[in-house]
>>> print(open('data34.cif').read())   # mmCIF, C-alpha atoms and all ligand atoms
data_my_file
#
loop_
_atom_site.label_atom_id
_atom_site.label_comp_id
_atom_site.auth_asym_id
_atom_site.auth_seq_id
_atom_site.Cartn_x
_atom_site.Cartn_y
_atom_site.Cartn_z
CA MET A 1 0.00 0.00 0.00
CA ARG A 2 1.25 3.50 -0.78
CA ARG A 3 2.41 5.48 2.19
CA TRP A 4 0.76 8.86 2.74
CA ILE A 5 2.01 11.38 5.26
CA MET A 6 0.18 14.48 6.41
CA HIS A 7 1.71 17.56 8.04
CA VAL A 8 -0.56 19.89 9.97
CA ASP A 9 0.63 23.35 11.09
CA MET A 10 -1.54 26.07 12.60
CA ASP A 11 -1.30 29.49 10.95
CA ALA A 12 0.40 32.25 13.01
CA PHE A 13 -0.59 30.16 15.98
CA TYR A 14 -0.24 32.41 19.07
CA ALA A 15 -1.32 35.51 17.16
CA SER A 16 -4.35 33.76 15.66
CA VAL A 17 -5.47 32.65 19.11
CA GLU A 18 -5.26 36.24 20.35
CA GLN A 19 -7.26 37.43 17.34
CA ARG A 20 -9.84 34.73 17.93
CA ASP A 21 -10.29 35.68 21.57
CA ASN A 22 -10.20 39.45 20.99
CA PRO A 23 -12.27 40.21 17.89
CA GLU A 24 -11.03 43.82 17.91
CA TYR A 25 -7.55 42.52 16.99
CA ARG A 26 -8.72 40.72 13.86
CA GLY A 27 -7.16 41.98 10.65
CA ARG A 28 -4.67 44.01 12.70
CA LEU A 29 -0.96 43.93 13.35
CA VAL A 30 -0.65 41.55 16.28
CA ILE A 31 2.74 40.66 17.72
CA VAL A 32 3.07 38.11 20.52
CA GLY A 33 6.29 37.88 22.48
CA GLY A 34 8.39 38.90 25.45
CA LEU A 35 7.66 42.53 26.00
CA SER A 36 10.79 43.64 27.82
CA SER A 37 13.46 45.59 25.95
CA ARG A 38 15.35 42.32 25.55
CA GLY A 39 12.29 40.33 24.49
CA VAL A 40 11.85 38.59 21.16
CA VAL A 41 8.90 38.03 18.88
CA ALA A 42 7.29 34.60 19.30
CA THR A 43 5.06 35.18 16.31
CA ALA A 44 3.28 37.87 14.35
CA SER A 45 -0.05 37.94 12.55
CA TYR A 46 0.18 37.69 8.76
CA GLU A 47 -0.78 41.38 8.61
CA ALA A 48 2.34 42.27 10.64
CA ARG A 49 4.53 39.87 8.66
CA LYS A 50 3.89 42.00 5.57
CA LEU A 51 5.89 44.73 7.32
CA GLY A 52 8.79 42.34 7.88
CA VAL A 53 8.13 41.25 11.47
CA HIS A 54 8.95 37.59 12.11
CA SER A 55 9.57 35.01 14.88
CA ALA A 56 12.81 35.41 16.86
CA MET A 57 13.23 39.09 15.87
CA SER A 58 13.90 41.43 18.80
CA ILE A 59 10.87 43.32 20.05
CA VAL A 60 12.84 46.55 19.68
CA LYS A 61 13.33 45.86 15.97
CA ALA A 62 9.67 44.85 15.59
CA LYS A 63 8.58 48.17 17.13
CA GLU A 64 10.71 50.03 14.60
CA LEU A 65 9.08 48.19 11.71
CA CYS A 66 5.64 48.19 13.22
CA PRO A 67 5.17 51.03 15.73
CA ASP A 68 1.36 50.79 15.64
CA GLY A 69 1.28 47.06 16.33
CA ILE A 70 -0.65 45.46 19.15
CA TYR A 71 1.99 43.86 21.39
CA LEU A 72 0.83 41.00 23.59
CA ARG A 73 2.32 38.57 26.08
CA PRO A 74 1.85 34.87 25.28
CA ARG A 75 -0.85 32.93 27.14
CA PHE A 76 0.78 29.51 27.17
CA ALA A 77 -1.98 27.73 29.09
CA VAL A 78 -4.49 28.65 26.39
CA TYR A 79 -2.17 27.54 23.58
CA HIS A 80 -1.56 24.23 25.36
CA ALA A 81 -5.27 23.57 25.75
CA ILE A 82 -5.88 24.28 22.05
CA SER A 83 -2.96 22.06 21.11
CA GLU A 84 -4.61 19.21 23.02
CA GLN A 85 -7.89 19.87 21.28
CA VAL A 86 -6.20 19.66 17.88
CA HIS A 87 -4.38 16.52 18.98
CA GLU A 88 -7.66 14.92 19.91
CA ILE A 89 -9.04 15.65 16.45
CA MET A 90 -5.95 14.12 14.84
CA HIS A 91 -6.47 11.02 16.97
CA ARG A 92 -9.87 10.52 15.36
CA TYR A 93 -7.99 9.91 12.12
CA THR A 94 -4.97 7.92 13.22
CA PRO A 95 -2.91 6.94 16.27
CA TYR A 96 0.27 7.43 14.22
CA ILE A 97 1.00 11.02 15.20
CA GLU A 98 4.39 12.65 15.70
CA PRO A 99 4.01 16.07 17.33
CA LEU A 100 6.82 18.49 16.44
CA SER A 101 5.69 21.41 18.55
CA LEU A 102 2.50 22.80 20.05
CA ASP A 103 1.04 23.68 16.68
CA GLU A 104 2.57 21.15 14.33
CA ALA A 105 2.51 17.38 13.76
CA PHE A 106 3.12 14.64 11.25
CA LEU A 107 0.45 11.98 10.78
CA ASP A 108 0.83 8.71 8.94
CA VAL A 109 -2.48 8.51 7.09
CA THR A 110 -1.62 5.51 4.93
CA GLY A 111 -4.77 3.67 3.89
CA LEU A 112 -6.98 6.35 5.40
CA HIS A 113 -7.81 8.39 2.36
CA GLY A 114 -9.71 5.37 1.07
CA ARG A 115 -12.45 6.53 3.44
CA PHE A 116 -12.45 9.83 1.55
CA THR A 117 -12.31 10.44 -2.17
CA GLY A 118 -8.54 10.93 -1.93
CA PRO A 119 -5.74 12.64 0.00
CA TYR A 120 -7.07 16.12 -0.80
CA ALA A 121 -10.48 15.33 0.67
CA LEU A 122 -8.78 13.87 3.72
CA GLY A 123 -6.75 17.04 4.26
CA LYS A 124 -9.83 19.19 3.79
CA ALA A 125 -11.77 17.15 6.34
CA ILE A 126 -9.18 17.58 9.07
CA LYS A 127 -8.81 21.31 8.34
CA GLU A 128 -12.56 21.72 8.69
CA GLU A 129 -12.73 19.76 11.92
CA ILE A 130 -9.95 21.89 13.42
CA TRP A 131 -11.72 25.07 12.31
CA GLU A 132 -15.05 23.96 13.73
CA ALA A 133 -13.60 22.87 17.07
CA THR A 134 -11.16 25.74 17.65
CA GLY A 135 -12.07 28.60 15.31
CA LEU A 136 -8.48 28.50 14.06
CA VAL A 137 -6.97 27.78 10.67
CA ALA A 138 -4.45 25.03 10.03
CA SER A 139 -2.41 24.59 6.88
CA VAL A 140 -2.12 21.01 5.69
CA GLY A 141 0.20 19.13 3.36
CA VAL A 142 -0.34 15.55 2.22
CA ALA A 143 2.48 13.77 0.42
CA PRO A 144 4.36 10.48 -0.01
CA ASN A 145 6.82 11.41 2.78
CA LYS A 146 7.55 13.69 5.71
CA TYR A 147 9.85 16.08 3.89
CA LEU A 148 7.35 16.77 1.12
CA ALA A 149 4.38 16.91 3.49
CA LYS A 150 6.07 19.64 5.53
CA LEU A 151 6.97 21.62 2.44
CA ALA A 152 3.44 21.17 1.13
CA SER A 153 1.79 22.52 4.29
CA ASP A 154 4.08 25.56 4.19
CA ILE A 155 4.01 26.50 0.55
CA LYS A 156 0.50 27.98 0.41
CA LYS A 157 0.31 29.36 3.96
CA PRO A 158 -1.91 30.79 5.36
CA ASN A 159 -4.92 28.52 4.91
CA GLY A 160 -3.01 26.18 2.61
CA LEU A 161 -3.96 22.69 1.52
CA VAL A 162 -1.50 21.06 -0.87
CA VAL A 163 -1.20 17.46 -2.01
CA VAL A 164 1.98 16.16 -3.64
CA PRO A 165 0.92 13.18 -5.77
CA TYR A 166 3.02 10.08 -6.31
CA GLY A 167 5.27 10.53 -9.31
CA LYS A 168 5.47 14.31 -8.84
CA GLU A 169 7.95 14.33 -5.96
CA ALA A 170 11.01 15.61 -7.86
CA GLU A 171 8.96 18.03 -9.92
CA PHE A 172 7.50 19.55 -6.76
CA VAL A 173 10.86 20.36 -5.15
CA ALA A 174 12.87 21.20 -8.31
CA PRO A 175 12.05 24.95 -8.51
CA LEU A 176 12.57 25.60 -4.77
CA PRO A 177 15.75 27.26 -3.47
CA VAL A 178 18.31 24.91 -1.86
CA LYS A 179 17.61 26.37 1.58
CA ARG A 180 14.28 24.52 1.46
CA LEU A 181 16.10 21.20 1.74
CA TRP A 182 15.40 19.82 5.18
CA GLY A 183 18.29 20.41 7.57
CA VAL A 184 20.10 22.84 5.28
CA GLY A 185 20.89 25.95 7.30
CA LYS A 186 22.62 29.20 6.43
CA GLN A 187 26.13 27.71 6.24
CA MET A 188 25.22 24.84 3.97
CA THR A 189 23.10 27.09 1.76
CA LYS A 190 26.10 29.32 1.29
CA ARG A 191 28.38 26.40 0.45
CA LEU A 192 25.88 24.98 -2.04
CA GLN A 193 25.48 28.37 -3.70
CA GLU A 194 29.23 28.86 -3.92
CA ALA A 195 29.35 25.56 -5.80
CA GLY A 196 26.69 26.88 -8.19
CA PHE A 197 23.62 25.12 -6.75
CA TYR A 198 20.72 27.53 -6.28
CA LYS A 199 17.67 25.44 -7.06
CA ILE A 200 16.92 21.99 -5.67
CA GLY A 201 16.43 20.69 -9.22
CA GLN A 202 20.12 21.30 -9.93
CA LEU A 203 21.08 18.78 -7.28
CA ALA A 204 18.55 16.27 -8.57
CA ALA A 205 20.07 16.54 -12.05
CA LEU A 206 23.41 15.15 -10.81
CA PRO A 207 24.11 11.52 -11.78
CA ASP A 208 24.75 10.59 -8.13
CA GLU A 209 25.70 12.14 -4.81
CA ARG A 210 29.48 12.08 -5.31
CA ALA A 211 29.71 15.71 -6.41
CA LEU A 212 28.08 16.71 -3.11
CA LYS A 213 30.59 14.90 -0.90
CA SER A 214 33.04 17.80 -0.77
CA ILE A 215 30.23 20.24 0.12
CA ALA A 216 28.07 18.21 2.45
CA GLY A 217 30.32 15.34 3.63
CA ASN A 218 28.31 12.49 5.12
CA GLN A 219 25.08 14.42 4.45
CA ALA A 220 25.61 14.14 0.68
CA LYS A 221 23.39 11.09 0.16
CA ARG A 222 20.61 12.56 2.27
CA LEU A 223 20.68 15.82 0.29
CA TYR A 224 20.71 13.99 -3.01
CA ASP A 225 17.72 11.87 -1.99
CA MET A 226 15.78 14.87 -0.72
CA ALA A 227 16.53 16.80 -3.89
CA ARG A 228 14.69 14.04 -5.76
CA GLY A 229 11.84 14.13 -3.25
CA ILE A 230 12.89 10.92 -1.52
CA ASP A 231 12.63 10.60 2.26
CA GLU A 232 12.09 7.27 4.00
CA ARG A 233 11.85 8.54 7.58
CA PRO A 234 8.94 6.98 9.45
CA VAL A 235 6.45 8.97 11.50
CA GLU A 236 7.68 8.48 15.04
CA TYR A 237 4.40 8.24 16.83
CA GLU A 238 4.03 8.31 20.58
CA ARG A 239 3.34 4.88 21.89
CA GLN A 240 0.04 4.98 23.62
CA VAL A 241 -0.34 4.20 27.26
CA HIS A 242 -3.07 1.62 27.62
CA SER A 243 -3.16 1.17 31.35
CA ILE A 244 -1.80 2.74 34.48
CA GLY A 245 -1.31 0.72 37.61
CA ASN A 246 0.72 0.10 40.70
CA GLU A 247 1.55 -3.17 42.36
CA LEU A 248 3.57 -4.13 45.32
CA THR A 249 5.26 -7.29 46.52
CA TYR A 250 5.38 -7.40 50.32
CA GLU A 251 8.40 -8.54 52.21
CA GLU A 252 6.13 -9.93 54.88
CA ASP A 253 2.84 -11.51 53.88
CA LEU A 254 -0.25 -9.45 54.60
CA ILE A 255 -2.95 -10.89 56.83
CA ASP A 256 -4.41 -8.01 58.85
CA PRO A 257 -7.61 -6.75 57.10
CA GLN A 258 -7.00 -3.23 58.37
CA LEU A 259 -3.56 -3.13 56.78
CA ILE A 260 -4.95 -4.51 53.55
CA ASP A 261 -7.64 -1.82 53.53
CA GLN A 262 -4.95 0.78 53.96
CA GLU A 263 -3.00 -0.68 51.06
CA TRP A 264 -5.98 -0.34 48.72
CA TYR A 265 -6.27 3.28 49.70
CA PHE A 266 -2.62 3.78 48.95
CA PHE A 267 -2.94 2.21 45.48
CA ALA A 268 -6.03 4.27 44.72
CA HIS A 269 -4.17 7.43 45.65
CA LYS A 270 -1.06 6.58 43.61
CA VAL A 271 -2.90 5.50 40.50
CA ALA A 272 -5.36 8.41 40.61
CA LYS A 273 -2.49 10.84 40.85
CA ARG A 274 -0.71 9.32 37.89
CA LEU A 275 -3.92 9.42 35.85
CA ARG A 276 -4.38 13.10 36.62
CA GLN A 277 -0.77 13.85 35.73
CA GLN A 278 -1.36 12.36 32.29
CA ASN A 279 -4.79 13.87 31.89
CA LEU A 280 -6.39 10.46 31.61
CA LYS A 281 -9.57 8.95 33.00
CA GLY A 282 -10.29 5.25 32.81
CA ARG A 283 -13.39 3.10 32.88
CA THR A 284 -12.01 -0.29 33.80
CA ILE A 285 -10.65 -0.79 37.28
CA ALA A 286 -8.78 -4.04 37.91
CA ILE A 287 -7.19 -5.59 40.98
CA LYS A 288 -4.61 -8.33 41.29
CA VAL A 289 -3.98 -10.43 44.37
CA ARG A 290 -1.19 -12.98 44.72
CA PHE A 291 -1.04 -15.34 47.69
CA ASN A 292 2.04 -16.68 49.41
CA ASP A 293 1.59 -19.96 47.47
CA PHE A 294 1.75 -17.86 44.26
CA GLU A 295 -1.86 -18.44 43.29
CA THR A 296 -2.90 -15.22 41.56
CA LEU A 297 -6.40 -13.80 41.12
CA SER A 298 -7.54 -10.79 39.16
CA ARG A 299 -10.92 -9.12 38.96
CA GLN A 300 -12.14 -6.09 37.12
CA LYS A 301 -15.12 -3.81 36.86
CA ARG A 302 -16.18 -1.31 34.26
CA THR A 303 -17.55 1.90 35.74
CA GLU A 304 -20.22 3.99 34.11
CA VAL A 305 -18.22 7.18 34.01
CA PRO A 306 -14.45 7.31 33.30
CA THR A 307 -12.64 8.31 36.45
CA ASP A 308 -9.35 9.56 37.88
CA ASN A 309 -10.85 9.84 41.35
CA GLU A 310 -9.14 8.07 44.22
CA GLU A 311 -12.31 7.54 46.28
CA THR A 312 -13.90 5.77 43.32
CA LEU A 313 -10.82 3.65 42.70
CA TYR A 314 -10.70 2.76 46.38
CA ARG A 315 -14.40 1.89 46.60
CA VAL A 316 -14.35 -0.27 43.49
CA GLY A 317 -11.01 -1.89 44.38
CA MET A 318 -12.27 -2.79 47.86
CA MET A 319 -15.56 -4.08 46.51
CA LEU A 320 -13.75 -6.38 44.06
CA TYR A 321 -11.40 -7.51 46.80
CA ASN A 322 -14.13 -8.22 49.36
CA LYS A 323 -15.96 -10.42 46.88
CA LEU A 324 -12.94 -12.72 46.74
CA ASN A 325 -13.47 -13.93 50.34
CA ILE A 326 -9.81 -14.31 50.99
CA ASN A 327 -8.41 -16.55 53.70
CA LYS A 328 -4.75 -16.95 52.73
CA PRO A 329 -1.73 -14.70 53.40
CA ILE A 330 -1.11 -12.19 50.61
CA ARG A 331 2.19 -11.68 48.86
CA LEU A 332 1.26 -9.07 46.25
CA LEU A 333 -1.48 -6.54 45.60
CA GLY A 334 -2.04 -4.35 42.56
CA LEU A 335 -4.56 -1.94 41.11
CA THR A 336 -4.77 -0.91 37.46
CA VAL A 337 -6.97 1.44 35.47
CA SER A 338 -7.45 1.07 31.73
CA ASP A 339 -9.93 1.82 28.97
CA PHE A 340 -9.12 5.50 28.79
CA ALA A 341 -11.15 8.41 27.66
CA GLY A 342 -9.07 11.60 27.54
CA ALA A 343 -9.83 13.67 30.65
CA LEU A 344 -10.40 16.65 28.39
CA GLY A 345 -13.98 17.75 28.27
CA GLN A 346 -15.06 14.97 30.59
CA THR A 347 -17.03 16.62 33.31
CA SER A 348 -18.27 14.74 36.29
CA LEU A 349 -21.91 13.90 36.55
CA PHE A 350 -21.91 14.32 40.28
CA GLU A 351 -21.16 17.35 42.35
CA GLU A 352 -19.40 15.18 44.90
CA GLU A 353 -16.96 13.96 42.26
CA THR A 354 -16.33 17.51 41.10
CA PHE A 355 -15.46 18.48 44.63
CA GLN A 356 -13.20 15.45 44.94
CA GLU A 357 -11.51 16.37 41.68
CA ASP A 358 -10.86 19.93 42.79
CA LEU A 359 -9.49 18.67 46.06
CA ALA A 360 -7.28 16.10 44.36
CA ARG A 361 -5.85 18.65 41.95
CA ALA A 362 -5.17 21.06 44.79
CA MET A 363 -3.31 18.32 46.65
CA ASP A 364 -1.35 17.36 43.53
CA GLY A 365 -0.37 21.02 43.20
CA LEU A 366 0.90 21.19 46.76
CA GLU A 367 2.86 17.97 46.33
CA ALA A 368 4.40 19.26 43.14
CA LYS A 369 5.45 22.43 44.92
CA PHE A 370 6.58 21.16 48.29
CA GLY A 371 7.38 17.52 47.67
CA GLU A 372 5.79 14.13 47.82
CA GLY A 373 3.92 13.46 51.05
CA ILE A 374 3.49 17.07 52.15
CA VAL A 375 -0.27 16.62 52.10
CA MET A 376 -1.80 13.30 52.86
CA LYS A 377 -5.23 12.06 53.65
CA GLY A 378 -5.64 10.29 56.98
CA ALA A 379 -5.68 6.79 55.55
CA LEU A 380 -2.27 7.34 54.01
CA TRP A 381 -0.55 8.64 57.13
CA GLN A 382 -0.21 5.30 58.77
CA ARG A 383 1.52 3.51 55.96
CA ALA A 384 3.79 6.42 55.12
CA THR A 385 6.55 5.34 57.45
CA GLN A 386 6.55 1.70 56.36
CA GLN A 387 9.27 0.74 53.90
CA LYS A 388 7.88 -1.03 50.86
CA ARG A 389 9.15 -2.20 47.53
CA GLU A 390 6.91 -0.67 44.95
CA GLU A 391 6.58 -1.36 41.30
CA GLU A 392 4.86 1.00 39.00
CA ASN A 393 3.52 -0.39 35.84
CA HIS A 394 2.88 1.88 33.02
CA ASN A 395 1.92 -0.27 30.15
CA GLU A 396 2.98 1.00 26.81
CA THR A 397 1.50 -1.50 24.48
CA PHE A 398 0.09 -0.54 21.19
N1 LIG A 401 7.28 30.26 18.34
C1 LIG A 401 8.14 30.91 19.22
N2 LIG A 401 9.40 31.26 18.83
C2 LIG A 401 9.85 30.97 17.58
C3 LIG A 401 9.00 30.30 16.68
C4 LIG A 401 7.72 29.95 17.09
O1 LIG A 401 7.74 31.16 20.35
N3 LIG A 401 11.08 31.33 17.21
C5 LIG A 401 5.90 29.91 18.75
C6 LIG A 401 4.95 30.99 18.30
C7 LIG A 401 4.22 30.38 17.14
C8 LIG A 401 4.27 28.89 17.45
O2 LIG A 401 5.46 28.70 18.18
O3 LIG A 401 2.90 30.86 17.03
C9 LIG A 401 4.25 28.03 16.20
O4 LIG A 401 5.41 28.26 15.41
P1 LIG A 401 5.36 28.26 13.85
O5 LIG A 401 6.76 28.26 13.37
O6 LIG A 401 4.43 27.22 13.34
O7 LIG A 401 4.80 29.71 13.48
P2 LIG A 401 3.32 30.22 13.45
O8 LIG A 401 2.33 29.16 13.73
O9 LIG A 401 3.22 31.42 14.31
O10 LIG A 401 3.19 30.72 11.95
P3 LIG A 401 3.04 29.87 10.62
O11 LIG A 401 1.74 30.29 10.02
O12 LIG A 401 4.22 30.27 9.78
O13 LIG A 401 3.07 28.42 10.99
MG MG A 402 2.43 27.33 12.72
#
>>> encode(input="data34.cif", output="C-alpha cells")
Amino acid sequence: MRRWIMHVDMDAFYASVEQRDNPEYRGRLVIVGGLSSRGVVATASYEARKLGVHSAMSIVKAKELCPDGIYLRPRFAVYHAISEQVHEIMHRYTPYIEPLSLDEAFLDVTGLHGRFTGPYALGKAIKEEIWEATGLVASVGVAPNKYLAKLASDIKKPNGLVVVPYGKEAEFVAPLPVKRLWGVGKQMTKRLQEAGFYKIGQLAALPDERALKSIAGNQAKRLYDMARGIDERPVEYERQVHSIGNELTYEEDLIDPQLIDQEWYFFAHKVAKRLRQQNLKGRTIAIKVRFNDFETLSRQKRTEVPTDNEETLYRVGMMLYNKLNINKPIRLLGLTVSDFAGALGQTSLFEEETFQEDLARAMDGLEAKFGEGIVMKGALWQRATQQKREEENHNETF
C-alpha cells in the first residue's frame, strides 16, 4: 500500500489565538512575544509579517518596523489547551501522530484516504474539523513522505492545503531554493550556492551524490535523496499508554484486614495521581492479588463514568477484593486502570466527584510544589513510614 504522510501546522498560531479571543484585533498587526526591551517576537499575525516582522526578531526591531502594532504577552496555558484539542481531532484519524511542537505534527495517514475520495479530501476534512472545534486555521500538506508533506503545508500558507501526488515528488521540489532542503541551514546554503547550486532541481540533475561529498560530507546522500523528493523517515508516533497501575510485593505476607484496607487506599491514591498527571480517566478498574503460594487472582469492573478519582478507585477496588473472600496470606497486591477516555472535556456527573476532583488537583499542586507526602489524607498517614518495595507499571503497548 502507498504510504501517505500528512503535516498539519496552525497558521500564526499564538497571534491567531489572540485574534480569535479578541475580535477587535482581527485583521490588525498583532505581535506576541516577550515585552521587555530584551524580548523577542514569538510570532506575528500575517498582517504584521507583511511589514517584515517575524519570529525570533527582537521586540525593539519589531517596534521600529511596526510602531502601531498590538503587542501581547503569550498565554501559554491557552495555547496548550488548544494544542490538546487539535491533537484529539488528529487522533480521530490515526494513532500514528508525531508532534513536532505545540502547533505542528506529522500523521501517517496511509490507507486512510480510502475513506475519503482521496488525499485532498482527507486534508480538507481535518482542516474543517480543526476550524469547527477551535475557530483556528491550520495549513495542511499531504504527500508520499515527511519532507514533502512539511513543504506542502508551508508553501501555500496561510490557509493552505496542498497534495503532492506520487510521481510528482522531484517536480515539486525542483524549482525551490536549496535552503528549502530539510536540515540545510545558512552555512550549507552558502556552500551549495558557492558551488553553483541555487535550485533543488540542480542537485537532482546530478548523476549521483558524489559531487556533493566535498560540500556536504556524510550528508551528501541525504541531500541527493531529498533533492529528488525521496525521504524514507517513518512517523515516530508516541506509543500509547493503555493502562496505568501500581503493584507491590510485600516482604512480609499481609494478613491483617485493616492493613490490607490501607494498602488499597494507597494504590487508589497513587494510580489516581498518575492518571491526573497524564490527563487520563479510565473506565475499567482491575485488581490483582497474589497469595504466598503464588496463586494469583484478578478481577475487574467497568464503571459507568471514566474516572481519575481516588475515592472511586478505592471503593471499586475494595468491593472487588471483598468479593474474593480471601483466607490466605497475601504476597502481592495491585490496582490498574485502563480503557481510557481523555480527561479533556469529561465533566463529572456528580457534584461530589467535582469536589473530589478539585481537592485532588489542589493536593497534587501542593505535592508538586513542596514535595511528595506534604499533604496526605488520613488513611495514608499510617503507611507512610513503612518501607515497601513498589513497582509502578505503566503499560505502553500498542
Ligand atoms: N514560536 C516561538 N518562537 C519561535 C518560533 C515559534 O515562540 N522562534 C511559537 C509561536 C508560534 C508557534 O510557536 O505561534 C508556532 O510556530 P510556527 O513556526 O508554526 O509559526 P506560526 O504558527 O506562528 O506561523 P506559521 O503560520 O508560519 O506556521
Ligand atoms: Mg504554525
>>> atom_distance(input="data34.cif", atom1="atom O9 of ligand LIG 401 (chain A)", atom2="CA of Ile5 (chain A)")
22.0 Å
>>> closest_residue(input="data34.cif", among="A:Met6, A:Asp308, A:Phe13, A:Leu176", to="Ala105 (chain A)", atoms="only C-alpha atoms")
A:Met6
>>> residues_near_ligand(input="data34.cif", ligand="ligand LIG 401 (chain A)", cutoff="7 Å", atoms="only C-alpha atoms and all ligand atoms", output="PDB file with C-alpha atoms, in the frame of the given file")
ATOM      1  CA  ASP A   9       0.630  23.350  11.090  1.00  0.00           C
ATOM      2  CA  MET A  10      -1.540  26.070  12.600  1.00  0.00           C
ATOM      3  CA  ASP A  11      -1.300  29.490  10.950  1.00  0.00           C
ATOM      4  CA  ALA A  12       0.400  32.250  13.010  1.00  0.00           C
ATOM      5  CA  PHE A  13      -0.590  30.160  15.980  1.00  0.00           C
ATOM      6  CA  TYR A  14      -0.240  32.410  19.070  1.00  0.00           C
ATOM      7  CA  ALA A  15      -1.320  35.510  17.160  1.00  0.00           C
ATOM      8  CA  VAL A  41       8.900  38.030  18.880  1.00  0.00           C
ATOM      9  CA  ALA A  42       7.290  34.600  19.300  1.00  0.00           C
ATOM     10  CA  THR A  43       5.060  35.180  16.310  1.00  0.00           C
ATOM     11  CA  ALA A  44       3.280  37.870  14.350  1.00  0.00           C
ATOM     12  CA  SER A  55       9.570  35.010  14.880  1.00  0.00           C
ATOM     13  CA  ALA A  56      12.810  35.410  16.860  1.00  0.00           C
ATOM     14  CA  LEU A 102       2.500  22.800  20.050  1.00  0.00           C
ATOM     15  CA  ASP A 103       1.040  23.680  16.680  1.00  0.00           C
ATOM     16  CA  GLU A 104       2.570  21.150  14.330  1.00  0.00           C
ATOM     17  CA  LYS A 157       0.310  29.360   3.960  1.00  0.00           C
ATOM     18  CA  PRO A 158      -1.910  30.790   5.360  1.00  0.00           C
TER      19      PRO A 158
END
>>> closest_residue(input="data34.cif", among="A:Pro74, A:Gly201, A:Gly27, A:Gly282", to="Gly245 (chain A)", atoms="all atoms listed in the file")
A:Gly282
>>> residues_around(input="data34.cif", residues="Gln187 (chain A)", least_positions_apart="5", cutoff="12 Å", atoms="only C-alpha atoms", output="number ranges by chain")
A: 178-179, 192-194, 215-216
>>> residues_around(input="data34.cif", residues="Val163 (chain A)", least_positions_apart="6", cutoff="6 Å", atoms="all atoms listed in the file", output="list in words")
Gly141, Val142 and Ala143 of chain A
>>> residues_around(input="data34.cif", residues="Thr110 (chain A)", least_positions_apart="5", cutoff="10 Å", atoms="all atoms listed in the file", output="MDAnalysis selection string")
chainID A and resid 1:6 94 96 119 144
>>> residues_around(input="data34.cif", residues="region 323-336 of chain A", least_positions_apart="6", cutoff="8 Å", atoms="only C-alpha atoms", output="count of residues only")
27
>>> atom_distance(input="data34.cif", atom1="CA of Val235 (chain A)", atom2="CA of Ser101 (chain A)")
14.3 Å
